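As stored in entry.csv (CSV, C-alpha atoms):
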chain,number,residue,atom,x,y,z
A,1375,MET,CA,-43.0,-23.2,70.5
A,1376,VAL,CA,-45.7,-22.9,73.0
A,1377,ARG,CA,-47.4,-26.1,73.9
A,1378,GLU,CA,-51.1,-25.7,74.6
A,1379,GLN,CA,-53.0,-28.2,76.7
A,1380,TYR,CA,-56.7,-28.6,76.4
A,1381,THR,CA,-58.7,-30.0,79.4
A,1382,MET,CA,-62.2,-31.1,79.2
A,1383,THR,CA,-64.5,-30.1,82.1
A,1384,THR,CA,-68.0,-30.3,82.9
A,1385,GLU,CA,-70.4,-27.6,83.8
A,1386,GLY,CA,-69.9,-26.2,87.2
A,1387,THR,CA,-66.3,-27.3,87.4
A,1388,ARG,CA,-63.7,-24.5,87.7
A,1389,ILE,CA,-60.0,-25.0,86.9
A,1390,GLU,CA,-57.5,-22.4,87.8
A,1391,ARG,CA,-54.7,-21.7,85.3
A,1392,PRO,CA,-51.2,-21.4,86.6
A,1393,GLU,CA,-49.9,-17.9,86.7
A,1394,ASN,CA,-46.2,-18.7,85.9
A,1395,GLN,CA,-46.8,-20.2,82.4
A,1396,SER,CA,-43.7,-20.3,80.0
A,1397,VAL,CA,-44.0,-18.0,76.8
A,1398,TYR,CA,-41.5,-18.3,73.7
A,1399,LYS,CA,-40.9,-15.4,71.4
A,1400,ILE,CA,-40.2,-15.9,67.6
A,1401,GLY,CA,-37.7,-13.5,65.7
A,1402,ILE,CA,-34.1,-12.2,65.7
A,1403,TYR,CA,-33.1,-10.1,68.6
A,1404,GLY,CA,-29.9,-8.7,70.1
A,1405,TRP,CA,-26.6,-8.7,68.3
A,1406,ARG,CA,-27.9,-10.9,65.5
A,1407,LYS,CA,-30.4,-8.2,64.5
A,1408,ARG,CA,-27.7,-5.5,64.6
A,1409,CYS,CA,-25.4,-7.6,62.3
A,1410,LEU,CA,-28.2,-8.2,59.8
A,1411,TYR,CA,-28.9,-4.4,59.6
A,1412,LEU,CA,-25.2,-3.7,59.1
A,1413,PHE,CA,-25.0,-6.3,56.3
A,1414,VAL,CA,-28.0,-4.8,54.6
A,1415,LEU,CA,-26.4,-1.3,54.9
A,1416,LEU,CA,-23.1,-2.6,53.3
A,1417,LEU,CA,-25.0,-4.1,50.4
A,1418,LEU,CA,-26.8,-0.8,49.9
A,1419,ILE,CA,-23.5,1.1,49.9
A,1420,LEU,CA,-22.0,-1.3,47.4
A,1421,LEU,CA,-25.0,-0.9,45.2
A,1422,LEU,CA,-24.8,2.9,45.2
A,1423,VAL,CA,-21.0,2.8,44.5
A,1424,ASN,CA,-21.5,0.4,41.5
A,1425,LEU,CA,-24.3,2.6,40.2
A,1426,ALA,CA,-22.0,5.7,40.5
A,1427,LEU,CA,-19.1,4.0,38.8
A,1428,THR,CA,-21.3,2.8,36.0
A,1429,ILE,CA,-22.6,6.3,35.4
A,1430,TRP,CA,-19.1,7.6,35.5
A,1431,ILE,CA,-17.8,5.1,32.9
A,1432,LEU,CA,-20.7,5.8,30.6
A,1433,LYS,CA,-19.9,9.5,30.8
A,1434,VAL,CA,-16.2,9.1,30.3
A,1435,MET,CA,-16.5,6.7,27.4
A,1436,TRP,CA,-19.2,8.8,25.8
A,1437,PHE,CA,-21.6,6.0,25.5
A,1438,SER,CA,-24.8,6.8,23.6
A,1439,PRO,CA,-27.6,4.9,21.9
A,1440,THR,CA,-25.8,5.2,18.6
A,1441,GLY,CA,-22.3,4.2,19.7
A,1442,MET,CA,-19.4,5.2,21.9
A,1443,GLY,CA,-17.6,8.5,21.5
A,1444,HIS,CA,-16.5,9.2,17.9
A,1445,LEU,CA,-17.5,5.6,17.0
A,1446,HIS,CA,-21.0,5.3,15.8
A,1447,VAL,CA,-22.9,2.1,14.8
A,1448,THR,CA,-24.9,2.5,11.6
A,1449,GLU,CA,-26.8,0.2,9.2
A,1450,ASP,CA,-23.8,0.1,6.8
A,1451,GLY,CA,-21.2,-0.6,9.5
A,1452,LEU,CA,-19.1,1.6,11.9
A,1453,ARG,CA,-18.4,5.3,11.4
A,1454,LEU,CA,-15.4,6.8,13.1
A,1455,GLU,CA,-14.8,10.5,13.3
A,1456,GLY,CA,-11.6,12.2,14.3
A,1457,GLU,CA,-8.3,10.5,15.1
A,1458,SER,CA,-8.2,7.0,16.7
A,1459,GLU,CA,-5.4,4.7,17.8
A,1460,PHE,CA,-5.6,0.9,17.3
A,1461,LEU,CA,-3.3,-1.1,19.6
A,1462,PHE,CA,-4.1,-4.4,17.8
A,1463,PRO,CA,-4.6,-5.4,14.1
A,1464,LEU,CA,-7.7,-4.0,12.4
A,1465,TYR,CA,-9.6,-6.2,10.0
A,1466,ALA,CA,-12.2,-4.6,7.7
A,1467,LYS,CA,-13.7,-5.3,4.4
A,1468,GLU,CA,-13.7,-1.7,3.3
A,1469,ILE,CA,-12.4,1.6,4.7
A,1470,HIS,CA,-13.6,4.9,3.1
A,1471,SER,CA,-14.2,8.5,4.1
A,1472,ARG,CA,-17.4,10.4,3.8
A,1473,VAL,CA,-18.3,12.2,0.6
A,1474,SER,CA,-16.3,15.3,1.2
A,1475,THR,CA,-12.9,16.9,0.6
A,1476,GLN,CA,-11.4,15.2,3.6
A,1477,ASN,CA,-9.3,12.0,3.4
A,1478,VAL,CA,-8.5,8.8,5.3
A,1479,THR,CA,-5.1,8.8,7.0
A,1480,VAL,CA,-3.6,5.6,8.6
A,1481,ASN,CA,-0.5,6.0,10.7
A,1482,ALA,CA,1.8,3.3,12.1
A,1483,ARG,CA,3.8,4.0,15.2
A,1484,ASN,CA,6.7,2.4,17.0
A,1485,PRO,CA,6.7,1.7,20.8
A,1486,GLU,CA,8.1,5.2,21.4
A,1487,GLY,CA,5.0,6.7,19.7
A,1488,GLU,CA,6.9,8.0,16.6
A,1489,VAL,CA,5.2,7.7,13.2
A,1490,THR,CA,7.0,5.1,11.1
A,1491,GLY,CA,4.5,4.8,8.2
A,1492,ARG,CA,1.6,6.8,6.9
A,1493,LEU,CA,-1.1,6.0,4.3
A,1494,LYS,CA,-3.2,8.9,3.1
A,1495,VAL,CA,-6.1,8.4,0.8
A,1496,GLY,CA,-7.5,11.6,-0.6
A,1497,PRO,CA,-10.1,12.5,-3.2
A,1498,LYS,CA,-7.5,12.8,-6.0
A,1499,MET,CA,-4.3,11.0,-4.7
A,1500,VAL,CA,-3.1,8.1,-2.6
A,1501,GLU,CA,0.1,9.0,-0.7
A,1502,VAL,CA,2.4,6.6,1.2
A,1503,GLN,CA,5.1,7.8,3.5
A,1504,SER,CA,7.4,5.0,4.6
A,1505,GLN,CA,10.9,3.6,4.4
A,1506,GLN,CA,9.7,0.9,2.0
A,1507,PHE,CA,6.5,0.2,0.2
A,1508,GLN,CA,5.8,-3.3,-1.0
A,1509,ILE,CA,2.9,-5.1,-2.6
A,1510,ASN,CA,2.7,-8.9,-2.2
A,1511,SER,CA,0.7,-11.6,-4.0
A,1512,LYS,CA,-1.6,-14.1,-2.3
A,1513,ASP,CA,1.5,-16.4,-1.9
A,1514,SER,CA,3.4,-13.5,-0.1
A,1515,LYS,CA,5.6,-13.1,-3.2
A,1516,PRO,CA,6.8,-9.5,-3.7
A,1517,LEU,CA,5.2,-8.0,-6.8
A,1518,PHE,CA,6.2,-4.3,-6.4
A,1519,THR,CA,8.8,-2.8,-4.0
A,1520,VAL,CA,9.8,0.8,-3.7
A,1521,ASP,CA,12.4,2.4,-1.4
A,1522,GLU,CA,14.8,5.3,-1.6
A,1523,LYS,CA,17.3,3.4,-3.7
A,1524,ALA,CA,15.4,1.5,-6.3
A,1525,VAL,CA,12.0,0.3,-7.6
A,1526,VAL,CA,11.7,-3.5,-8.0
A,1527,VAL,CA,9.1,-5.2,-10.1
A,1528,GLY,CA,8.8,-8.9,-9.0
A,1529,THR,CA,6.6,-10.1,-11.8
A,1530,ASP,CA,7.9,-11.9,-14.9
A,1531,LYS,CA,6.7,-9.1,-17.2
A,1532,LEU,CA,6.1,-5.3,-16.9
A,1533,ARG,CA,3.6,-4.1,-19.4
A,1534,VAL,CA,2.9,-0.4,-20.2
A,1535,THR,CA,-0.3,0.1,-22.1
A,1536,GLY,CA,-0.4,3.9,-22.3
A,1537,PRO,CA,-0.5,5.5,-25.7
A,1538,GLU,CA,2.6,7.6,-24.9
A,1539,GLY,CA,4.6,4.7,-23.5
A,1540,ALA,CA,6.7,5.0,-20.4
A,1541,LEU,CA,8.8,8.1,-19.5
A,1542,PHE,CA,12.0,7.6,-17.5
A,1543,GLU,CA,13.9,10.6,-16.2
A,1544,HIS,CA,16.9,8.5,-15.3
A,1545,SER,CA,18.5,5.2,-16.3
A,1546,VAL,CA,16.6,1.9,-16.7
A,1547,GLU,CA,18.2,-1.5,-16.2
A,1548,THR,CA,16.5,-4.5,-17.8
A,1549,PRO,CA,17.5,-7.6,-19.7
A,1550,LEU,CA,14.9,-7.3,-22.4
A,1551,ILE,CA,12.7,-4.7,-24.0
A,1552,LYS,CA,10.0,-5.7,-26.5
A,1553,PRO,CA,6.6,-4.4,-27.7
A,1554,ASP,CA,3.4,-6.3,-28.3
A,1555,PRO,CA,3.3,-8.6,-31.3
A,1556,ILE,CA,1.4,-6.0,-33.4
A,1557,GLN,CA,3.1,-2.9,-32.2
A,1558,ASP,CA,6.4,-1.2,-33.1
A,1559,LEU,CA,9.2,-0.6,-30.6
A,1560,ARG,CA,10.5,2.9,-30.5
A,1561,LEU,CA,13.2,4.3,-28.2
A,1562,GLU,CA,13.6,8.1,-28.4
A,1563,SER,CA,14.8,11.1,-26.4
A,1564,PRO,CA,13.0,14.3,-27.6
A,1565,THR,CA,15.4,16.8,-26.1
A,1566,ARG,CA,18.5,14.8,-24.8
A,1567,SER,CA,20.6,11.9,-25.8
A,1568,LEU,CA,19.8,8.2,-25.7
A,1569,SER,CA,22.4,5.8,-24.5
A,1570,MET,CA,22.3,1.9,-24.4
A,1571,ASP,CA,25.2,0.4,-22.5
A,1572,ALA,CA,26.0,-3.3,-21.8
A,1573,PRO,CA,29.3,-4.8,-20.6
A,1574,LYS,CA,29.0,-7.8,-23.0
A,1575,GLY,CA,27.3,-6.1,-26.0
A,1576,VAL,CA,24.0,-4.7,-27.2
A,1577,HIS,CA,21.9,-7.0,-29.4
A,1578,ILE,CA,19.2,-5.4,-31.6
A,1579,GLN,CA,17.1,-7.8,-33.7
A,1580,ALA,CA,14.0,-7.4,-35.9
A,1581,ALA,CA,12.8,-10.9,-36.7
A,1582,ALA,CA,10.0,-9.8,-39.2
A,1583,GLY,CA,10.8,-6.2,-40.1
A,1584,LYS,CA,13.4,-3.5,-40.3
A,1585,ILE,CA,15.5,-1.4,-37.9
A,1586,GLU,CA,15.5,2.3,-38.5
A,1587,ALA,CA,17.7,4.9,-36.8
A,1588,LEU,CA,16.9,8.6,-37.3
A,1589,SER,CA,19.0,11.5,-36.1
A,1590,GLN,CA,18.9,15.2,-36.7
A,1591,MET,CA,22.7,15.4,-36.4
A,1592,ASP,CA,25.4,12.8,-37.0
A,1593,ILE,CA,25.2,9.0,-36.3
A,1594,VAL,CA,28.5,7.7,-35.0
A,1595,LEU,CA,29.5,4.0,-34.8
A,1596,HIS,CA,32.5,3.8,-32.6
A,1597,SER,CA,34.4,0.7,-31.3
A,1598,SER,CA,37.1,1.4,-28.7
A,1599,ASP,CA,38.8,-2.0,-28.9
A,1600,GLY,CA,37.5,-3.5,-32.1
A,1601,THR,CA,39.1,-3.0,-35.5
A,1602,GLN,CA,36.2,-4.0,-37.8
A,1603,LEU,CA,32.8,-2.7,-38.7
A,1604,VAL,CA,30.9,-5.5,-40.3
A,1605,LEU,CA,27.8,-4.8,-42.5
A,1606,ASP,CA,26.5,-8.3,-43.5
A,1607,ALA,CA,23.9,-7.7,-46.2
A,1608,GLU,CA,23.4,-8.4,-49.9
A,1609,THR,CA,22.9,-4.7,-50.7
A,1610,MET,CA,24.2,-1.6,-49.0
A,1611,CYS,CA,22.7,1.7,-50.1
A,1612,LEU,CA,24.2,5.1,-49.5
A,1613,PRO,CA,21.8,7.4,-51.5
A,1614,LYS,CA,23.3,10.7,-50.4
A,1615,LEU,CA,27.0,9.8,-50.6
A,1616,ALA,CA,29.1,12.6,-52.2
A,1617,GLN,CA,29.9,11.9,-55.8
A,1618,GLY,CA,33.0,12.9,-57.7
A,1619,THR,CA,33.0,14.5,-61.2
A,1620,GLN,CA,33.4,12.2,-64.2
A,1621,GLY,CA,36.9,12.5,-65.8
A,1622,PRO,CA,37.6,12.3,-69.5
A,1623,ALA,CA,39.6,9.1,-69.1
A,1624,SER,CA,36.8,7.1,-67.6
A,1625,SER,CA,35.5,4.3,-69.8
A,1626,LEU,CA,33.2,2.4,-67.5
A,1627,GLN,CA,29.8,4.0,-67.6
A,1628,GLY,CA,27.5,3.7,-64.6
A,1629,LEU,CA,30.1,2.2,-62.3
A,1630,TYR,CA,31.6,3.9,-59.2
A,1631,GLU,CA,34.1,3.1,-56.6
A,1632,ILE,CA,33.9,4.0,-52.9
A,1633,CYS,CA,36.7,6.2,-51.7
A,1634,ALA,CA,37.7,7.1,-48.2
A,1635,CYS,CA,39.2,10.3,-46.9
A,1636,PRO,CA,41.9,10.3,-44.2
A,1637,ASP,CA,39.3,11.4,-41.6
A,1638,GLY,CA,37.1,8.4,-42.6
A,1639,LYS,CA,34.7,10.3,-44.9
A,1640,LEU,CA,33.3,8.2,-47.8
A,1641,TYR,CA,32.6,9.4,-51.3
A,1642,LEU,CA,31.9,8.0,-54.7
A,1643,SER,CA,34.2,8.3,-57.7
A,1644,VAL,CA,33.5,7.2,-61.2
A,1645,ALA,CA,35.2,3.9,-61.8
A,1646,GLY,CA,37.9,3.7,-64.4
A,1647,VAL,CA,40.6,1.3,-65.5
A,1648,GLY,CA,42.5,2.2,-62.4
A,1649,THR,CA,41.5,4.0,-59.2
A,1650,THR,CA,40.2,7.5,-59.6
A,1651,CYS,CA,39.9,8.4,-56.0
A,1652,HIS,CA,42.9,10.8,-56.2
A,1653,GLU,CA,41.2,12.7,-59.0
A,1654,ASN,CA,38.3,13.5,-56.7
A,1655,SER,CA,40.2,13.9,-53.4
A,1656,HIS,CA,39.2,17.6,-53.3
A,1657,ILE,CA,36.0,16.4,-51.6
A,1658,CYS,CA,38.0,15.6,-48.5
A,1659,LEU,CA,39.2,19.2,-48.2

The structure in this file should be written as structure tokens.
Amino acid sequence: MVREQYTMTTEGTRIERPENQSVYKIGIYGWRKRCLYLFVLLLLILLLVNLALTIWILKVMWFSPTGMGHLHVTEDGLRLEGESEFLFPLYAKEIHSRVSTQNVTVNARNPEGEVTGRLKVGPKMVEVQSQQFQINSKDSKPLFTVDEKAVVVGTDKLRVTGPEGALFEHSVETPLIKPDPIQDLRLESPTRSLSMDAPKGVHIQAAAGKIEALSQMDIVLHSSDGTQLVLDAETMCLPKLAQGTQGPASSLQGLYEICACPDGKLYLSVAGVGTTCHENSHICL
């Protein structure tokens, strides 16, 4: 700072000022000034580098006013075009494709990049490619499981409501088959045979109706180890059983006896005082 001194004089008085008066300069000079300019230059260089990197990132990531690359932000949500890879779980309320013939395909990959599962949703079909497909309930209980060996239904009841029923090309293993209370249960094989096997027996019961078995050819009841065929009913009807001719010695009108051939064939013979099966044994020939 420069200190100024004021001297009061009167008229006619002359005061001479000293020639060697001290003068102080205000500012940054010398090496401090050069360091300041260098620091400002470095800041300017960093600013230009950051601006260039920002422009490069925007260009590489395909940022635009509507989104980033194939990901576009719309009023209804996000629209993704092409193939994308998600490294972490994806949570969405709804995933659907545009109204076109294209589909939505979701792939699952292992750490080596190989596809381990694929879900493809098309306009007419949903296709799943995986080692195992499983549907769980809210409590994480398996409801439906499919793999190469079997199909497992985890619910207590499997209900088929189609008018044509269920069609199985191979065997079905189940402890119980029953229809709705007002519907009939029918098991049929239009072009092949129908087989029901069980190690401890097959039980067929109609609590409020009848059981009917129809066949175009023969119906065979065969027991490999048993020795009896029990028909427990008040009346047994064989309307088309072969009937022998009535002999002159028969005296009982309207009564018949059931006869058996050596091969097991049954036929009726008019009852008499004694057996008349031998008289009509020609039916066995």

Open item on the list: List the spatial neighbours of His1446 in chain A as a list in words - criterion: any atom at most 12 Å away, all atoms listed in the file, same-chain residues fewer than 5 positions off excluded.
Closed with: Trp1436, Phe1437, Ser1438, Pro1439, Thr1440, Gly1441, Gly1451, Leu1452, Arg1453, Leu1454, Glu1455 and Gly1456 of chain A

Keeping only C-alpha atoms, write those residues as a JSON list (two decimals), keeping the file's coordinate frame.
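Everything below was put into part14.json:
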[["chain", "number", "residue", "atom", "x", "y", "z"],
["A", 1436, "TRP", "CA", -19.20, 8.80, 25.80],
["A", 1437, "PHE", "CA", -21.60, 6.00, 25.50],
["A", 1438, "SER", "CA", -24.80, 6.80, 23.60],
["A", 1439, "PRO", "CA", -27.60, 4.90, 21.90],
["A", 1440, "THR", "CA", -25.80, 5.20, 18.60],
["A", 1441, "GLY", "CA", -22.30, 4.20, 19.70],
["A", 1451, "GLY", "CA", -21.20, -0.60, 9.50],
["A", 1452, "LEU", "CA", -19.10, 1.60, 11.90],
["A", 1453, "ARG", "CA", -18.40, 5.30, 11.40],
["A", 1454, "LEU", "CA", -15.40, 6.80, 13.10],
["A", 1455, "GLU", "CA", -14.80, 10.50, 13.30],
["A", 1456, "GLY", "CA", -11.60, 12.20, 14.30]]

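CA of Ala1581 in chain A to CA of Gln1557 in chain A spans 13.4 Å [interatomic distance, one decimal].
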
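Distance check against Ala1572 in chain A using only C-alpha atoms: of A:Ala1587, A:Met1435, A:Leu1550, A:Val1502, the minimum falls on A:Leu1550.
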
Open item on the list: Could you tell me how far CA of Val1495 in chain A sits from CA of Asn1477 in chain A, in Å to one decimal place?
Closed with: 5.5 Å

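Of the listed residues (A:Leu1659, A:Leu1629, A:Val1604, A:Met1610), A:Leu1629 comes nearest to Val1647 in chain A; the distances count only C-alpha atoms.
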
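Going from CA of Ser1458 in chain A over to CA of Ile1509 in chain A, you cover 25.3 Å.
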
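Excluding Val1526 in chain A itself and any same-chain residue fewer than 6 positions from it, the protein and nucleic acid residues within 9 Å of it, counting only C-alpha atoms, are Pro1516, Leu1517, Phe1518, Thr1519 and Val1520 of chain A.
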
Open item on the list: Distance cut-off 10 Å, centre (35.0, 6.6, -49.6) in file coordinates, counting only C-alpha atoms: which residues qualify? Return them as JSON, numbers by chain.
Closed with: {"A": [1615, 1616, 1617, 1631, 1632, 1633, 1634, 1635, 1636, 1638, 1639, 1640, 1641, 1642, 1643, 1651, 1655, 1658]}

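Proximity to Ser1569 in chain A at 10 Å, evaluated using all atoms listed in the file and with sequence-adjacent residues fewer than 5 positions away removed, yields Ser1545, Glu1562 and Ser1563 of chain A.
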
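You can rank A:Leu1461, A:Leu1415, A:Val1546, A:Met1591 by their closest distance to Asn1481 in chain A using only C-alpha atoms, and at the top of that list sits A:Leu1461.
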
Applying 12 Å and only C-alpha atoms, which residues near Gln1579 in chain A remain after dropping the ones on its own chain fewer than 5 positions away? List them as an mmCIF file with C-alpha atoms, in the frame of the given file.
data_model
loop_
_atom_site.group_PDB
_atom_site.id
_atom_site.type_symbol
_atom_site.label_atom_id
_atom_site.label_comp_id
_atom_site.auth_asym_id
_atom_site.auth_seq_id
_atom_site.Cartn_x
_atom_site.Cartn_y
_atom_site.Cartn_z
ATOM 1 C CA LEU A 1550 14.900 -7.300 -22.400
ATOM 2 C CA ILE A 1551 12.700 -4.700 -24.000
ATOM 3 C CA LYS A 1552 10.000 -5.700 -26.500
ATOM 4 C CA LEU A 1559 9.200 -0.600 -30.600
ATOM 5 C CA LYS A 1584 13.400 -3.500 -40.300
ATOM 6 C CA ILE A 1585 15.500 -1.400 -37.900
ATOM 7 C CA GLU A 1586 15.500 2.300 -38.500
#

Could you rebuild range 1449-1479 of chain A with N, CA and C atoms and give me the result as a PDB file, in the frame of the given file?
ATOM      1  N   GLU A1449     -26.287   1.389   9.957  1.00  0.00           N
ATOM      2  CA  GLU A1449     -26.800   0.200   9.200  1.00  0.00           C
ATOM      3  C   GLU A1449     -25.715  -0.346   8.296  1.00  0.00           C
ATOM      4  N   ASP A1450     -24.828   0.526   7.768  1.00  0.00           N
ATOM      5  CA  ASP A1450     -23.800   0.100   6.800  1.00  0.00           C
ATOM      6  C   ASP A1450     -22.527  -0.389   7.537  1.00  0.00           C
ATOM      7  N   GLY A1451     -22.402  -0.186   8.825  1.00  0.00           N
ATOM      8  CA  GLY A1451     -21.200  -0.600   9.500  1.00  0.00           C
ATOM      9  C   GLY A1451     -20.876   0.373  10.664  1.00  0.00           C
ATOM     10  N   LEU A1452     -19.606   0.675  10.821  1.00  0.00           N
ATOM     11  CA  LEU A1452     -19.100   1.600  11.900  1.00  0.00           C
ATOM     12  C   LEU A1452     -18.637   2.866  11.218  1.00  0.00           C
ATOM     13  N   ARG A1453     -18.916   3.986  11.851  1.00  0.00           N
ATOM     14  CA  ARG A1453     -18.400   5.300  11.400  1.00  0.00           C
ATOM     15  C   ARG A1453     -17.580   5.898  12.483  1.00  0.00           C
ATOM     16  N   LEU A1454     -16.361   6.249  12.119  1.00  0.00           N
ATOM     17  CA  LEU A1454     -15.400   6.800  13.100  1.00  0.00           C
ATOM     18  C   LEU A1454     -15.020   8.186  12.667  1.00  0.00           C
ATOM     19  N   GLU A1455     -15.135   9.124  13.578  1.00  0.00           N
ATOM     20  CA  GLU A1455     -14.800  10.500  13.300  1.00  0.00           C
ATOM     21  C   GLU A1455     -13.608  10.920  14.152  1.00  0.00           C
ATOM     22  N   GLY A1456     -12.753  11.772  13.543  1.00  0.00           N
ATOM     23  CA  GLY A1456     -11.600  12.200  14.300  1.00  0.00           C
ATOM     24  C   GLY A1456     -10.429  11.227  14.171  1.00  0.00           C
ATOM     25  N   GLU A1457      -9.453  11.350  15.058  1.00  0.00           N
ATOM     26  CA  GLU A1457      -8.300  10.500  15.100  1.00  0.00           C
ATOM     27  C   GLU A1457      -8.502   9.377  16.127  1.00  0.00           C
ATOM     28  N   SER A1458      -8.057   8.168  15.781  1.00  0.00           N
ATOM     29  CA  SER A1458      -8.200   7.000  16.700  1.00  0.00           C
ATOM     30  C   SER A1458      -6.900   6.205  16.593  1.00  0.00           C
ATOM     31  N   GLU A1459      -6.623   5.485  17.653  1.00  0.00           N
ATOM     32  CA  GLU A1459      -5.400   4.700  17.800  1.00  0.00           C
ATOM     33  C   GLU A1459      -5.815   3.226  18.004  1.00  0.00           C
ATOM     34  N   PHE A1460      -5.287   2.312  17.165  1.00  0.00           N
ATOM     35  CA  PHE A1460      -5.600   0.900  17.300  1.00  0.00           C
ATOM     36  C   PHE A1460      -4.320   0.197  17.807  1.00  0.00           C
ATOM     37  N   LEU A1461      -4.450  -0.459  18.952  1.00  0.00           N
ATOM     38  CA  LEU A1461      -3.300  -1.100  19.600  1.00  0.00           C
ATOM     39  C   LEU A1461      -3.134  -2.549  19.018  1.00  0.00           C
ATOM     40  N   PHE A1462      -4.132  -3.093  18.360  1.00  0.00           N
ATOM     41  CA  PHE A1462      -4.100  -4.400  17.800  1.00  0.00           C
ATOM     42  C   PHE A1462      -4.485  -4.373  16.334  1.00  0.00           C
ATOM     43  N   PRO A1463      -4.276  -5.454  15.571  1.00  0.00           N
ATOM     44  CA  PRO A1463      -4.600  -5.400  14.100  1.00  0.00           C
ATOM     45  C   PRO A1463      -6.106  -5.110  13.923  1.00  0.00           C
ATOM     46  N   LEU A1464      -6.361  -4.387  12.841  1.00  0.00           N
ATOM     47  CA  LEU A1464      -7.700  -4.000  12.400  1.00  0.00           C
ATOM     48  C   LEU A1464      -8.072  -4.729  11.161  1.00  0.00           C
ATOM     49  N   TYR A1465      -9.162  -5.467  11.183  1.00  0.00           N
ATOM     50  CA  TYR A1465      -9.600  -6.200  10.000  1.00  0.00           C
ATOM     51  C   TYR A1465     -10.933  -5.598   9.554  1.00  0.00           C
ATOM     52  N   ALA A1466     -10.956  -5.181   8.305  1.00  0.00           N
ATOM     53  CA  ALA A1466     -12.200  -4.600   7.700  1.00  0.00           C
ATOM     54  C   ALA A1466     -12.247  -4.897   6.265  1.00  0.00           C
ATOM     55  N   LYS A1467     -13.445  -5.036   5.785  1.00  0.00           N
ATOM     56  CA  LYS A1467     -13.700  -5.300   4.400  1.00  0.00           C
ATOM     57  C   LYS A1467     -13.468  -4.065   3.534  1.00  0.00           C
ATOM     58  N   GLU A1468     -13.838  -2.920   4.063  1.00  0.00           N
ATOM     59  CA  GLU A1468     -13.700  -1.700   3.300  1.00  0.00           C
ATOM     60  C   GLU A1468     -13.555  -0.512   4.276  1.00  0.00           C
ATOM     61  N   ILE A1469     -12.648   0.395   3.955  1.00  0.00           N
ATOM     62  CA  ILE A1469     -12.400   1.600   4.700  1.00  0.00           C
ATOM     63  C   ILE A1469     -12.525   2.795   3.767  1.00  0.00           C
ATOM     64  N   HIS A1470     -13.425   3.705   4.017  1.00  0.00           N
ATOM     65  CA  HIS A1470     -13.600   4.900   3.100  1.00  0.00           C
ATOM     66  C   HIS A1470     -14.038   6.051   3.969  1.00  0.00           C
ATOM     67  N   SER A1471     -13.828   7.228   3.411  1.00  0.00           N
ATOM     68  CA  SER A1471     -14.200   8.500   4.100  1.00  0.00           C
ATOM     69  C   SER A1471     -15.601   8.884   3.607  1.00  0.00           C
ATOM     70  N   ARG A1472     -16.107   9.900   4.249  1.00  0.00           N
ATOM     71  CA  ARG A1472     -17.400  10.400   3.800  1.00  0.00           C
ATOM     72  C   ARG A1472     -17.242  11.180   2.494  1.00  0.00           C
ATOM     73  N   VAL A1473     -18.335  11.435   1.830  1.00  0.00           N
ATOM     74  CA  VAL A1473     -18.300  12.200   0.600  1.00  0.00           C
ATOM     75  C   VAL A1473     -18.017  13.627   0.860  1.00  0.00           C
ATOM     76  N   SER A1474     -16.732  13.954   0.873  1.00  0.00           N
ATOM     77  CA  SER A1474     -16.300  15.300   1.200  1.00  0.00           C
ATOM     78  C   SER A1474     -14.888  15.494   0.662  1.00  0.00           C
ATOM     79  N   THR A1475     -14.307  16.651   0.963  1.00  0.00           N
ATOM     80  CA  THR A1475     -12.900  16.900   0.600  1.00  0.00           C
ATOM     81  C   THR A1475     -11.920  16.353   1.533  1.00  0.00           C
ATOM     82  N   GLN A1476     -12.368  15.723   2.608  1.00  0.00           N
ATOM     83  CA  GLN A1476     -11.400  15.200   3.600  1.00  0.00           C
ATOM     84  C   GLN A1476     -10.909  13.823   3.077  1.00  0.00           C
ATOM     85  N   ASN A1477      -9.929  13.274   3.803  1.00  0.00           N
ATOM     86  CA  ASN A1477      -9.300  12.000   3.400  1.00  0.00           C
ATOM     87  C   ASN A1477      -9.236  11.079   4.568  1.00  0.00           C
ATOM     88  N   VAL A1478      -8.729   9.870   4.291  1.00  0.00           N
ATOM     89  CA  VAL A1478      -8.500   8.800   5.300  1.00  0.00           C
ATOM     90  C   VAL A1478      -7.015   8.696   5.497  1.00  0.00           C
ATOM     91  N   THR A1479      -6.538   8.843   6.718  1.00  0.00           N
ATOM     92  CA  THR A1479      -5.100   8.800   7.000  1.00  0.00           C
ATOM     93  C   THR A1479      -4.909   7.649   8.055  1.00  0.00           C
TER      94      THR A1479
END
